[in-house]
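Coordinates as given in work-v5.tsv (TSV, C-alpha atoms and all ligand atoms):
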chain	number	residue	atom	x	y	z
A	1	MET	CA	-6.51	-0.05	-20.71
A	2	SER	CA	-8.35	-3.39	-20.68
A	3	VAL	CA	-7.95	-5.97	-17.93
A	4	VAL	CA	-8.74	-8.69	-20.46
A	5	THR	CA	-8.58	-8.44	-24.21
A	6	LEU	CA	-10.01	-10.65	-26.93
A	7	ARG	CA	-8.96	-10.61	-30.56
A	8	ARG	CA	-10.69	-12.72	-33.18
A	9	SER	CA	-8.89	-15.46	-35.04
A	10	SER	CA	-10.76	-18.10	-36.98
A	11	ASP	CA	-7.84	-20.41	-37.81
A	12	TYR	CA	-4.19	-21.11	-37.12
A	13	ASP	CA	-2.64	-19.48	-40.17
A	14	GLU	CA	0.76	-18.46	-38.77
A	15	ASP	CA	0.73	-14.88	-40.09
A	16	GLN	CA	-2.80	-14.27	-38.89
A	17	VAL	CA	-2.08	-15.70	-35.44
A	18	HIS	CA	1.09	-13.61	-35.21
A	19	ARG	CA	-0.84	-10.41	-36.02
A	20	THR	CA	-3.64	-11.33	-33.61
A	21	VAL	CA	-1.29	-12.13	-30.74
A	22	ARG	CA	0.63	-8.89	-31.35
A	23	LEU	CA	-2.62	-6.89	-31.30
A	24	ALA	CA	-3.81	-8.59	-28.11
A	25	ILE	CA	-0.56	-7.80	-26.31
A	26	GLU	CA	-0.64	-4.21	-27.58
A	27	ASP	CA	-4.15	-3.92	-26.07
A	28	LEU	CA	-2.50	-4.60	-22.70
A	29	GLY	CA	0.15	-1.94	-23.14
A	30	GLY	CA	2.64	-3.87	-25.27
A	31	LEU	CA	5.22	-6.51	-24.46
A	32	GLY	CA	7.46	-3.85	-22.89
A	33	SER	CA	4.99	-3.70	-19.99
A	34	PHE	CA	5.90	-7.27	-19.09
A	35	ILE	CA	9.48	-7.98	-20.12
A	36	LYS	CA	12.83	-6.19	-20.35
A	37	LYS	CA	15.67	-6.82	-22.77
A	38	GLY	CA	18.03	-9.55	-21.56
A	39	GLN	CA	15.54	-11.34	-19.30
A	40	LYS	CA	15.01	-15.11	-19.24
A	41	VAL	CA	11.42	-15.64	-20.30
A	42	LEU	CA	9.67	-18.95	-19.79
A	43	LEU	CA	6.75	-19.79	-22.09
A	44	LYS	CA	4.43	-22.29	-20.38
A	45	PRO	CA	2.02	-23.86	-22.91
A	46	ASN	CA	-0.47	-26.64	-22.19
A	47	LEU	CA	1.47	-29.71	-23.32
A	48	LEU	CA	-0.46	-32.45	-21.46
A	49	ILE	CA	1.07	-35.63	-22.89
A	50	GLY	CA	1.69	-34.19	-26.33
A	51	SER	CA	-0.85	-34.49	-29.10
A	52	ASP	CA	-1.35	-33.63	-32.75
A	53	PRO	CA	-2.43	-29.95	-32.86
A	54	SER	CA	-5.59	-30.90	-34.81
A	55	ARG	CA	-6.95	-32.64	-31.68
A	56	ALA	CA	-7.04	-29.32	-29.78
A	57	VAL	CA	-5.51	-30.89	-26.67
A	58	THR	CA	-2.37	-28.74	-26.56
A	59	THR	CA	-1.71	-25.05	-27.10
A	60	HIS	CA	-1.39	-24.70	-30.86
A	61	PRO	CA	2.22	-24.35	-32.06
A	62	SER	CA	1.38	-21.24	-34.08
A	63	VAL	CA	0.35	-19.47	-30.84
A	64	VAL	CA	3.53	-20.63	-29.09
A	65	LYS	CA	5.55	-19.51	-32.11
A	66	ALA	CA	3.92	-16.06	-32.27
A	67	VAL	CA	4.64	-15.31	-28.60
A	68	ALA	CA	8.14	-16.80	-28.78
A	69	SER	CA	9.08	-14.69	-31.80
A	70	LEU	CA	7.76	-11.47	-30.21
A	71	VAL	CA	9.67	-12.17	-26.98
A	72	LYS	CA	12.82	-12.98	-28.93
A	73	GLU	CA	12.43	-9.78	-31.00
A	74	ALA	CA	12.33	-7.89	-27.69
A	75	GLY	CA	15.83	-9.16	-26.89
A	76	CYS	CA	14.96	-11.81	-24.31
A	77	THR	CA	15.99	-15.46	-24.15
A	78	VAL	CA	13.09	-17.86	-24.57
A	79	THR	CA	12.57	-21.28	-23.00
A	80	ILE	CA	9.47	-23.36	-23.73
A	81	ALA	CA	8.70	-25.65	-20.80
A	82	ASP	CA	5.91	-27.69	-19.25
A	83	SER	CA	5.74	-30.95	-17.41
A	84	PRO	CA	3.55	-33.56	-19.06
A	85	GLY	CA	0.33	-34.79	-17.40
A	86	ALA	CA	0.18	-36.68	-14.14
A	87	GLY	CA	0.73	-40.15	-15.55
A	88	ALA	CA	3.76	-39.39	-17.64
A	89	VAL	CA	7.24	-39.79	-16.25
A	90	TYR	CA	8.97	-36.41	-16.24
A	91	SER	CA	11.92	-37.52	-18.32
A	92	HIS	CA	13.96	-36.39	-21.30
A	93	ALA	CA	12.31	-39.09	-23.42
A	94	SER	CA	8.71	-38.17	-22.48
A	95	LEU	CA	9.41	-34.48	-23.06
A	96	ARG	CA	10.98	-35.18	-26.46
A	97	LYS	CA	7.97	-37.26	-27.49
A	98	ALA	CA	5.45	-34.68	-26.25
A	99	TYR	CA	7.27	-31.73	-27.88
A	100	HIS	CA	7.43	-33.60	-31.17
A	101	ALA	CA	3.74	-34.64	-31.12
A	102	SER	CA	2.68	-31.06	-30.36
A	103	GLY	CA	4.87	-29.43	-32.99
A	104	TYR	CA	6.96	-27.50	-30.44
A	105	ASP	CA	10.25	-29.02	-31.61
A	106	LYS	CA	9.67	-27.37	-34.99
A	107	VAL	CA	8.82	-24.03	-33.35
A	108	ALA	CA	12.05	-24.18	-31.36
A	109	ALA	CA	14.09	-25.09	-34.43
A	110	ASP	CA	12.47	-22.40	-36.63
A	111	LEU	CA	13.13	-19.65	-34.08
A	112	ASP	CA	16.29	-21.02	-32.50
A	113	VAL	CA	14.78	-20.93	-29.00
A	114	GLU	CA	15.20	-23.49	-26.21
A	115	LEU	CA	12.96	-26.42	-25.34
A	116	ASN	CA	13.41	-27.42	-21.72
A	117	PHE	CA	14.85	-30.88	-21.08
A	118	ASN	CA	16.04	-30.19	-17.54
A	119	THR	CA	13.96	-32.51	-15.36
A	120	GLU	CA	15.31	-31.23	-12.05
A	121	THR	CA	12.81	-29.82	-9.58
A	122	GLY	CA	12.96	-27.50	-6.61
A	123	ASP	CA	10.70	-26.19	-3.85
A	124	ARG	CA	9.11	-22.79	-3.50
A	125	SER	CA	7.67	-21.72	-0.17
A	126	PHE	CA	4.43	-19.80	-0.27
A	127	HIS	CA	3.56	-18.66	3.22
A	128	GLU	CA	0.51	-16.67	2.11
A	129	GLY	CA	-1.13	-19.83	0.74
A	130	VAL	CA	-4.65	-20.51	1.98
A	131	LEU	CA	-4.30	-24.27	1.59
A	132	MET	CA	-0.73	-24.85	0.42
A	133	LYS	CA	2.42	-23.32	1.85
A	134	ARG	CA	4.99	-25.06	-0.34
A	135	PHE	CA	5.13	-26.37	-3.88
A	136	THR	CA	7.60	-28.55	-5.74
A	137	LEU	CA	8.06	-27.01	-9.18
A	138	ILE	CA	9.95	-27.78	-12.38
A	139	ARG	CA	13.36	-26.12	-12.46
A	140	PRO	CA	12.81	-23.63	-15.35
A	141	VAL	CA	9.88	-22.08	-13.46
A	142	LEU	CA	12.19	-21.36	-10.55
A	143	GLU	CA	14.90	-19.92	-12.79
A	144	ALA	CA	12.82	-17.68	-15.10
A	145	ASP	CA	12.76	-13.90	-14.73
A	146	VAL	CA	9.32	-13.76	-16.36
A	147	ILE	CA	6.69	-16.42	-16.97
A	148	ILE	CA	4.24	-16.10	-19.85
A	149	SER	CA	1.48	-18.68	-19.60
A	150	LEU	CA	-0.04	-19.99	-22.84
A	151	PRO	CA	-3.13	-22.03	-21.91
A	152	LYS	CA	-5.53	-23.82	-24.23
A	153	LEU	CA	-9.20	-23.16	-23.50
A	154	LYS	CA	-10.93	-26.50	-22.89
A	155	THR	CA	-13.53	-28.18	-20.80
A	156	HIS	CA	-12.21	-30.32	-17.96
A	157	MET	CA	-13.68	-33.39	-16.26
A	158	LEU	CA	-12.71	-32.24	-12.78
A	159	THR	CA	-12.70	-28.45	-12.91
A	160	GLY	CA	-15.26	-27.76	-15.64
A	161	LEU	CA	-12.93	-25.42	-17.45
A	162	THR	CA	-9.19	-25.43	-17.95
A	163	GLY	CA	-7.74	-22.09	-18.85
A	164	ALA	CA	-5.30	-19.63	-17.34
A	165	VAL	CA	-5.16	-20.76	-13.70
A	166	LYS	CA	-5.38	-24.51	-14.33
A	167	ASN	CA	-2.55	-24.21	-16.87
A	168	ILE	CA	-0.17	-23.44	-14.02
A	169	PHE	CA	-0.74	-26.96	-12.62
A	170	GLY	CA	1.76	-28.06	-15.30
A	171	CYS	CA	4.51	-26.34	-13.30
A	172	ILE	CA	4.27	-29.24	-10.84
A	173	PRO	CA	6.47	-32.10	-12.06
A	174	GLY	CA	4.88	-35.15	-13.75
A	175	PHE	CA	3.66	-37.73	-11.30
A	176	GLU	CA	3.69	-35.35	-8.33
A	177	LYS	CA	0.49	-33.87	-9.77
A	178	ALA	CA	-1.43	-37.05	-9.09
A	179	THR	CA	-0.80	-36.78	-5.37
A	180	TYR	CA	-2.69	-33.48	-5.27
A	181	HIS	CA	-5.81	-35.28	-6.39
A	182	SER	CA	-5.67	-37.62	-3.42
A	183	ARG	CA	-4.73	-34.84	-1.00
A	184	MET	CA	-7.53	-32.45	-1.96
A	185	SER	CA	-10.77	-33.78	-0.57
A	186	ASP	CA	-13.09	-32.12	-3.08
A	187	ARG	CA	-13.26	-29.76	-6.05
A	188	ALA	CA	-13.40	-26.71	-3.80
A	189	ASP	CA	-10.11	-27.67	-2.14
A	190	PHE	CA	-8.61	-28.45	-5.53
A	191	GLY	CA	-9.62	-24.96	-6.67
A	192	GLU	CA	-8.07	-23.39	-3.56
A	193	MET	CA	-4.86	-25.31	-4.18
A	194	LEU	CA	-4.73	-24.13	-7.81
A	195	VAL	CA	-5.23	-20.51	-6.78
A	196	ASP	CA	-2.43	-20.87	-4.22
A	197	LEU	CA	-0.25	-22.33	-6.95
A	198	GLU	CA	-1.02	-19.50	-9.38
A	199	ARG	CA	-0.17	-16.98	-6.67
A	200	ALA	CA	3.09	-18.80	-5.93
A	201	VAL	CA	4.16	-19.01	-9.59
A	202	ARG	CA	2.75	-15.62	-10.67
A	203	PRO	CA	2.81	-15.60	-14.47
A	204	GLN	CA	3.20	-11.98	-15.55
A	205	LEU	CA	1.20	-12.40	-18.75
A	206	THR	CA	-1.25	-14.99	-20.07
A	207	VAL	CA	-2.03	-15.43	-23.77
A	208	MET	CA	-4.82	-17.96	-24.22
A	209	ASP	CA	-5.33	-20.11	-27.29
A	210	ALA	CA	-9.11	-20.01	-27.63
A	211	VAL	CA	-9.12	-20.32	-31.43
A	212	ILE	CA	-10.13	-23.97	-31.56
A	213	GLY	CA	-10.74	-25.24	-28.05
A	214	MET	CA	-12.43	-28.32	-26.68
A	215	GLU	CA	-15.91	-29.22	-25.43
A	216	GLY	CA	-17.25	-32.43	-23.90
A	217	ASP	CA	-14.93	-34.71	-21.98
A	218	GLY	CA	-11.85	-32.50	-21.90
A	219	PRO	CA	-9.02	-31.96	-21.34
A	220	HIS	CA	-7.96	-34.94	-23.48
A	221	ASN	CA	-10.89	-36.80	-24.93
A	222	GLY	CA	-13.39	-34.08	-25.80
A	223	ARG	CA	-14.23	-32.64	-29.19
A	224	PRO	CA	-12.47	-29.70	-30.86
A	225	ARG	CA	-14.72	-26.69	-31.29
A	226	LEU	CA	-14.15	-23.30	-32.89
A	227	PHE	CA	-14.21	-20.54	-30.24
A	228	GLY	CA	-12.53	-18.04	-32.58
A	229	ALA	CA	-10.33	-16.01	-30.24
A	230	ILE	CA	-6.95	-15.20	-28.80
A	231	MET	CA	-7.45	-13.79	-25.31
A	232	ALA	CA	-4.86	-12.18	-23.07
A	233	SER	CA	-4.48	-10.60	-19.67
A	234	ALA	CA	-1.97	-9.90	-16.94
A	235	ASP	CA	-4.63	-11.28	-14.56
A	236	PRO	CA	-5.29	-15.03	-15.03
A	237	HIS	CA	-8.39	-14.95	-12.82
A	238	ALA	CA	-9.98	-12.14	-14.83
A	239	LEU	CA	-9.06	-14.03	-18.01
A	240	ASP	CA	-10.73	-17.24	-16.79
A	241	LEU	CA	-13.82	-15.27	-15.82
A	242	ALA	CA	-14.04	-13.83	-19.33
A	243	ALA	CA	-13.40	-17.30	-20.80
A	244	ALA	CA	-16.20	-18.81	-18.69
A	245	ARG	CA	-18.53	-16.13	-20.01
A	246	LEU	CA	-17.41	-16.81	-23.58
A	247	LEU	CA	-18.25	-20.50	-23.16
A	248	GLY	CA	-21.50	-19.92	-21.27
A	249	ILE	CA	-20.23	-21.67	-18.11
A	250	GLU	CA	-21.55	-20.38	-14.79
A	251	PRO	CA	-18.35	-18.82	-13.38
A	252	MET	CA	-18.93	-19.83	-9.75
A	253	SER	CA	-19.28	-23.48	-10.76
A	254	VAL	CA	-15.59	-23.42	-11.75
A	255	PRO	CA	-13.64	-24.18	-8.54
A	256	THR	CA	-10.73	-21.85	-9.30
A	257	LEU	CA	-13.08	-18.94	-10.01
A	258	ALA	CA	-15.08	-19.68	-6.86
A	259	ALA	CA	-11.86	-19.71	-4.82
A	260	ALA	CA	-10.64	-16.50	-6.50
A	261	SER	CA	-13.98	-14.83	-5.83
A	262	LYS	CA	-13.83	-15.76	-2.13
A	263	ARG	CA	-10.39	-14.14	-1.94
A	264	GLY	CA	-11.55	-10.97	-3.71
A	265	LEU	CA	-9.35	-11.65	-6.74
A	266	LEU	CA	-12.03	-11.21	-9.41
A	267	PRO	CA	-12.54	-7.78	-10.95
A	268	PRO	CA	-16.10	-6.38	-10.96
A	269	ALA	CA	-18.16	-5.66	-14.06
A	270	MET	CA	-16.18	-7.91	-16.35
A	271	GLU	CA	-18.60	-7.42	-19.22
A	272	GLN	CA	-17.20	-3.91	-19.66
A	273	GLU	CA	-13.63	-5.00	-19.14
A	274	VAL	CA	-13.12	-7.26	-22.17
A	275	GLY	CA	-11.32	-5.08	-24.68
A	276	GLY	CA	-10.10	-5.54	-28.23
A	277	ASP	CA	-12.87	-7.08	-30.32
A	278	GLY	CA	-14.84	-7.97	-27.14
A	279	LEU	CA	-17.09	-10.96	-26.52
A	280	THR	CA	-20.01	-9.80	-28.65
A	281	GLY	CA	-20.88	-12.22	-31.44
A	282	LEU	CA	-18.72	-15.03	-30.04
A	283	LEU	CA	-20.74	-16.06	-26.99
A	284	ILE	CA	-21.49	-19.78	-26.91
A	285	HIS	CA	-24.85	-20.95	-25.60
A	286	ASP	CA	-24.73	-24.67	-26.31
A	287	LEU	CA	-21.34	-25.83	-25.07
A	288	GLU	CA	-21.22	-29.53	-24.27
A	289	LEU	CA	-20.00	-29.83	-20.68
A	290	PRO	CA	-17.99	-32.83	-19.48
A	291	ALA	CA	-20.09	-35.81	-18.43
A	292	THR	CA	-18.84	-35.38	-14.86
A	293	PHE	CA	-19.60	-31.70	-14.52
A	294	VAL	CA	-22.80	-30.74	-12.74
A	295	LYS	CA	-23.53	-27.04	-12.84
A	296	ASP	CA	-23.68	-25.37	-9.43
A	297	LYS	CA	-23.02	-28.57	-7.53
A	298	GLY	CA	-19.23	-28.35	-7.55
A	299	THR	CA	-18.92	-25.62	-4.96
A	300	SER	CA	-22.23	-25.64	-3.12
A	301	VAL	CA	-22.65	-26.34	0.56
A	302	ALA	CA	-24.91	-29.19	-0.45
A	303	TRP	CA	-22.10	-30.72	-2.49
A	304	ARG	CA	-19.75	-30.59	0.49
A	305	ALA	CA	-22.39	-31.88	2.90
A	306	ALA	CA	-23.17	-34.65	0.51
A	307	GLY	CA	-19.52	-35.65	0.33
A	308	SER	CA	-20.29	-39.22	1.22
A	309	LEU	CA	-22.88	-39.31	-1.54
A	310	THR	CA	-20.63	-38.02	-4.27
A	311	LYS	CA	-18.61	-41.17	-4.62
A	312	PRO	CA	-21.42	-43.45	-5.83
A	313	TYR	CA	-22.85	-40.54	-7.82
A	314	ALA	CA	-19.58	-39.75	-9.54
A	315	LEU	CA	-18.86	-41.57	-12.77
A	316	ARG	CA	-16.59	-44.58	-12.33
A	317	PRO	CA	-13.68	-45.26	-14.64
A	318	VAL	CA	-14.19	-48.51	-16.54
A	319	VAL	CA	-11.68	-50.08	-18.93
A	320	ASP	CA	-12.67	-50.76	-22.53
A	321	ARG	CA	-10.72	-54.00	-22.97
A	322	GLU	CA	-10.96	-53.86	-26.75
A	323	LYS	CA	-9.07	-50.56	-26.86
A	324	CYS	CA	-6.70	-51.10	-23.92
A	325	THR	CA	-3.15	-51.91	-24.99
A	326	GLY	CA	-1.91	-52.55	-21.46
A	327	CYS	CA	0.59	-49.66	-21.70
A	328	GLY	CA	0.31	-48.98	-17.95
A	329	SER	CA	0.07	-45.19	-18.19
A	330	CYS	CA	-3.19	-45.19	-16.21
A	331	ALA	CA	-1.68	-47.37	-13.47
A	332	ARG	CA	1.29	-45.03	-13.12
A	333	THR	CA	-1.10	-42.06	-13.00
A	334	CYS	CA	-3.48	-43.34	-10.35
A	335	PRO	CA	-2.78	-41.56	-7.03
A	336	ARG	CA	-4.57	-44.35	-5.09
A	337	MET	CA	-2.91	-47.24	-6.91
A	338	CYS	CA	-6.28	-48.68	-7.90
A	339	ILE	CA	-5.13	-49.94	-11.30
A	340	THR	CA	-3.17	-53.06	-12.10
A	341	ILE	CA	-2.17	-54.51	-15.44
A	342	SER	CA	-2.78	-58.18	-15.97
A	343	ASP	CA	-2.84	-60.12	-19.23
A	344	HIS	CA	-1.89	-56.84	-20.97
A	345	LYS	CA	-5.12	-55.15	-19.86
A	346	ALA	CA	-5.81	-52.57	-17.15
A	347	ARG	CA	-8.02	-53.59	-14.23
A	348	ILE	CA	-9.51	-51.00	-11.87
A	349	SER	CA	-10.43	-51.66	-8.25
A	350	HIS	CA	-13.05	-49.06	-7.35
A	351	LYS	CA	-12.78	-49.51	-3.60
A	352	ASN	CA	-10.21	-46.74	-3.10
A	353	CYS	CA	-10.87	-44.80	-6.31
A	354	ILE	CA	-11.36	-41.09	-5.59
A	355	ARG	CA	-12.79	-40.34	-9.07
A	356	CYS	CA	-9.99	-37.94	-9.94
A	357	TYR	CA	-10.11	-39.12	-13.60
A	358	CYS	CA	-6.35	-38.89	-14.03
A	359	CYS	CA	-6.54	-42.30	-15.72
A	360	HIS	CA	-9.15	-41.05	-18.19
A	361	GLU	CA	-7.11	-37.94	-18.87
A	362	MET	CA	-3.92	-39.85	-19.53
A	363	CYS	CA	-5.15	-42.76	-21.64
A	364	ALA	CA	-4.00	-42.07	-25.18
A	365	GLN	CA	-6.13	-44.97	-26.48
A	366	ASP	CA	-9.40	-43.51	-25.12
A	367	ALA	CA	-9.80	-46.86	-23.36
A	368	ILE	CA	-11.13	-45.51	-20.06
A	369	ARG	CA	-14.87	-45.02	-20.10
A	370	LEU	CA	-16.74	-43.19	-17.37
A	371	ARG	CA	-19.91	-44.91	-16.21
A	372	ARG	CA	-22.31	-44.59	-13.30
A	373	SER	CA	-23.03	-47.48	-10.99
A	374	MET	CA	-26.67	-48.53	-10.50
A	375	ALA	CA	-26.78	-46.46	-7.28
A	376	GLY	CA	-25.22	-43.52	-9.09
A	377	LYS	CA	-27.79	-43.71	-11.89
A	378	ALA	CA	-30.60	-43.60	-9.33
A	379	MET	CA	-28.98	-40.58	-7.65
A	380	ALA	CA	-28.44	-38.84	-10.99
A	381	LYS	CA	-32.19	-38.84	-11.58
A	382	VAL	CA	-32.60	-36.83	-8.38
A	383	MET	CA	-29.52	-34.60	-8.53
A	384	VAL	CA	-29.45	-33.59	-12.19
A	385	ARG	CA	-32.31	-31.67	-13.65
B	401	LIG	S1	-6.48	-48.16	-20.11
B	401	LIG	FE1	-5.30	-46.85	-21.48
B	401	LIG	S2	-3.61	-46.06	-20.26
B	401	LIG	FE2	-4.47	-47.85	-19.16
B	401	LIG	S3	-3.23	-49.57	-19.82
B	401	LIG	FE3	-5.04	-49.47	-21.15
B	401	LIG	S4	-4.36	-48.25	-22.93
B	401	LIG	FE4	-2.86	-47.89	-21.29
B	402	LIG	S1	-8.77	-45.30	-10.90
B	402	LIG	FE1	-9.84	-43.73	-9.75
B	402	LIG	S2	-8.30	-42.85	-8.35
B	402	LIG	FE2	-7.22	-44.00	-9.97
B	402	LIG	S3	-6.72	-42.44	-11.54
B	402	LIG	FE3	-8.64	-43.43	-12.15
B	402	LIG	S4	-10.24	-42.11	-11.26
B	402	LIG	FE4	-8.32	-41.57	-10.21
Step by step, read the file and then write its structure as structure tokens.
Ligand code: SF4
Ligand code: SF4
Amino acid sequence: MSVVTLRRSSDYDEDQVHRTVRLAIEDLGGLGSFIKKGQKVLLKPNLLIGSDPSRAVTTHPSVVKAVASLVKEAGCTVTIADSPGAGAVYSHASLRKAYHASGYDKVAADLDVELNFNTETGDRSFHEGVLMKRFTLIRPVLEADVIISLPKLKTHMLTGLTGAVKNIFGCIPGFEKATYHSRMSDRADFGEMLVDLERAVRPQLTVMDAVIGMEGDGPHNGRPRLFGAIMASADPHALDLAAARLLGIEPMSVPTLAAASKRGLLPPAMEQEVGGDGLTGLLIHDLELPATFVKDKGTSVAWRAAGSLTKPYALRPVVDREKCTGCGSCARTCPRMCITISDHKARISHKNCIRCYCCHEMCAQDAIRLRRSMAGKAMAKVMVR
């Protein structure tokens, strides 16, 4: 049986996606290998702040619907839950808005399954954590018998790739996420934290929407791109490794994969392990990486040693005043409180900015630009070849 499977799907036609998802899960031994009749099953898509499915920001509703209907058919109760991105308040109103924008309210109505509106949280201890021993999580994660993660495959400004492991970050409630950016000193630590989190939450199955993903400045403001696949695995690290290979991203430049590799969590010889239709014919050689992502620098000793250099090198968030509506989402997101709103426009003080790009990720107006300072431009000439 395959560790990771890939089935081709070139669009989001509901029937086709349903068949493809069913096939992918059968490749892994069938849904019965993961769930039992009567269990409470949580589906955890990538909701971010909610977005029209055509923008490829969120897990497509046809993928959520396919998995939800299969789980329901198996006699389980289904709850669809995520907490929106770091800058959004974790409230009934923000969830309603995000579910509607992403088409999940229609999925829930069509199938008569539950959308989570419980905004309570609780703590889970995780003594085996390398970096983190305790996490605050959204309530439905704590109450589910089984978690099925439904990530969207995209590029990501901070982690290079967002897939199976990064999707679990959504189990941390709204604004609490932003504090992790200020607590983790670099990408490597952020990757370690995410691997701890995945181990603490332990999704039993991951079904990845890699039909139309995102390249460029993901996870919110990149460009949709056809990847043509539904991928699945019981092992989110193996799945991310296969996804990195699909996209042509050096796996060890992705902090979660580097952390997983250090812990011995990655299976060997992955090329032989991708089952179903396999990777052949789908491999991407010209993916546009995020502007912030420098291959091989994210986890290298040099990157850590050059910690003091990374700040001027890193792109700075700059407000496009023409586009800014003064909504304040970026200011609420910022873990270092660098952003104020005056005269209905955002203003960023770069003194304490840690370049986490939460503001860029959360701005629905695309009004945060990322630019290098003069010193950063000079360094870029040396560091990027
Ligand atoms: S930069 Fe974006 S998120 Fe911030 S206030 Fe302006 S429109 Fe809102
Ligand atoms: S201003 Fe800096 S610290 Fe604040 S959210 Fe934006 S990138 Fe992060």
Out of A:Ser149, A:Ser329, A:Ser51, A:Ser342, which residue has the shortest atom-to-atom distance to ligand LIG 401 (chain B) when counting all atoms listed in the file?
->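 Selected residue with least distance to ligand LIG 401 (chain B): A:Ser329.
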Given all atoms listed in the file as the counted atoms, nearest of A:Val254, A:Cys334, A:Ala378, A:Ile168 to ligand LIG 402 (chain B) |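 Of A:Val254, A:Cys334, A:Ala378, A:Ile168, the one nearest ligand LIG 402 (chain B) is A:Cys334, counting all atoms listed in the file.
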Collect all residues with atoms no farther than 8 Å from ligand LIG 401 (chain B), counting all atoms listed in the file, and output them as an MDAnalysis selection string.
-> chainID A and resid 319:321 323:331 341 344:346 359:360 362:368
Mind listing the residues within 8 Å of ligand LIG 402 (chain B), all atoms listed in the file counted, as an mmCIF file with C-alpha atoms, in the coordinates of the input?
data_model
loop_
_atom_site.group_PDB
_atom_site.id
_atom_site.type_symbol
_atom_site.label_atom_id
_atom_site.label_comp_id
_atom_site.auth_asym_id
_atom_site.auth_seq_id
_atom_site.Cartn_x
_atom_site.Cartn_y
_atom_site.Cartn_z
ATOM 1 C CA ALA A 178 -1.430 -37.050 -9.090
ATOM 2 C CA HIS A 181 -5.810 -35.280 -6.390
ATOM 3 C CA SER A 182 -5.670 -37.620 -3.420
ATOM 4 C CA ARG A 316 -16.590 -44.580 -12.330
ATOM 5 C CA PRO A 317 -13.680 -45.260 -14.640
ATOM 6 C CA CYS A 330 -3.190 -45.190 -16.210
ATOM 7 C CA ALA A 331 -1.680 -47.370 -13.470
ATOM 8 C CA THR A 333 -1.100 -42.060 -13.000
ATOM 9 C CA CYS A 334 -3.480 -43.340 -10.350
ATOM 10 C CA PRO A 335 -2.780 -41.560 -7.030
ATOM 11 C CA ARG A 336 -4.570 -44.350 -5.090
ATOM 12 C CA MET A 337 -2.910 -47.240 -6.910
ATOM 13 C CA CYS A 338 -6.280 -48.680 -7.900
ATOM 14 C CA ILE A 339 -5.130 -49.940 -11.300
ATOM 15 C CA ILE A 348 -9.510 -51.000 -11.870
ATOM 16 C CA SER A 349 -10.430 -51.660 -8.250
ATOM 17 C CA HIS A 350 -13.050 -49.060 -7.350
ATOM 18 C CA ASN A 352 -10.210 -46.740 -3.100
ATOM 19 C CA CYS A 353 -10.870 -44.800 -6.310
ATOM 20 C CA ILE A 354 -11.360 -41.090 -5.590
ATOM 21 C CA ARG A 355 -12.790 -40.340 -9.070
ATOM 22 C CA CYS A 356 -9.990 -37.940 -9.940
ATOM 23 C CA TYR A 357 -10.110 -39.120 -13.600
ATOM 24 C CA CYS A 358 -6.350 -38.890 -14.030
ATOM 25 C CA CYS A 359 -6.540 -42.300 -15.720
ATOM 26 C CA HIS A 360 -9.150 -41.050 -18.190
#
With distances taken over all atoms listed in the file, which of A:Arg134, A:Lys36, A:His18, A:Arg7 is nearest to Ala66 (chain A)?
-> A:His18
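With all atoms listed in the file as the basis for measurement, A:Met157 is the residue among A:Ile35, A:Met157, A:Ala229, A:Ala24 that approaches Ala291 (chain A) most closely.
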Within 8 Å of Val201 (chain A) using only C-alpha atoms, minus same-chain residues under 3 positions, as a PyMOL selection string | chain A and resi 141+168+197-198
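With only C-alpha atoms as the basis for measurement, A:Val195 is the residue among A:Val195, A:Leu241, A:Leu6, A:Val64 that approaches Gly129 (chain A) most closely.
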Give me the box for region 93-103 of chain A as lines of an AutoDock Vina configuration file, namely the centre and edge lengths in Å to one decimal of a box along x, y and z that holds every listed atom plus 8 Å on each side.
center_x = 7.5
center_y = -34.3
center_z = -27.7
size_x = 25.6
size_y = 25.7
size_z = 26.5
Could you give me, as JSON, numbers by chain, the residues within 7 Å of Gly275 (chain A), counting all atoms listed in the file and dropping anything in the same chain fewer than 2 positions from it?
-> {"A": [2, 4, 5, 6, 273, 277, 278]}
Counting all atoms listed in the file, the option among A:Leu287, A:Leu158, A:Glu215, A:Gly281 closest to Met184 (chain A) |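 Smallest separation from Met184 (chain A) among the options: A:Leu158.
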Name the residues in contact with Arg139 (chain A) at a cut-off of 12 Å, using all atoms listed in the file, excluding same-chain residues fewer than 6 positions from it; report them as a list in words.
-> Leu42, Thr79, Ala81, Asp82, Ser83, Tyr90, Asn116, Phe117, Asn118, Thr119, Glu120, Thr121, Gly122, Asp123, Arg124, Cys171, Ile172, Pro173 and Val201 of chain A
Pairwise distance, CA of Asp235 (chain A) with CA of His127 (chain A), equals 20.9 Å
Which distance in Å separates CA of Ala108 (chain A) and CA of Ala68 (chain A), to one decimal?
-> 8.7 Å
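Between CA of Ala244 (chain A) and CA of Val17 (chain A) the interatomic distance comes to 22.1 Å.
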Skipping near chain neighbours, those fewer than 4 positions away, what residues fall within 10 Å of Thr58 (chain A) using all atoms listed in the file, listed as an NGL selection string?
-> :A and (45-54 or 98 or 101-103 or 150-154 or 209 or 213 or 219-220)
Non-local contacts of Ala74 (chain A) (8 Å; only C-alpha atoms; under 3 positions in same chain excluded) as a PyMOL selection string = chain A and resi 31-32+36-37+70-71
Polymer residues at most 12 Å from (1.3, -23.2, 3.3) by only C-alpha atoms, as a VMD selection string = chain A and resid 124 to 135 192 to 193 196 to 197 199 to 200
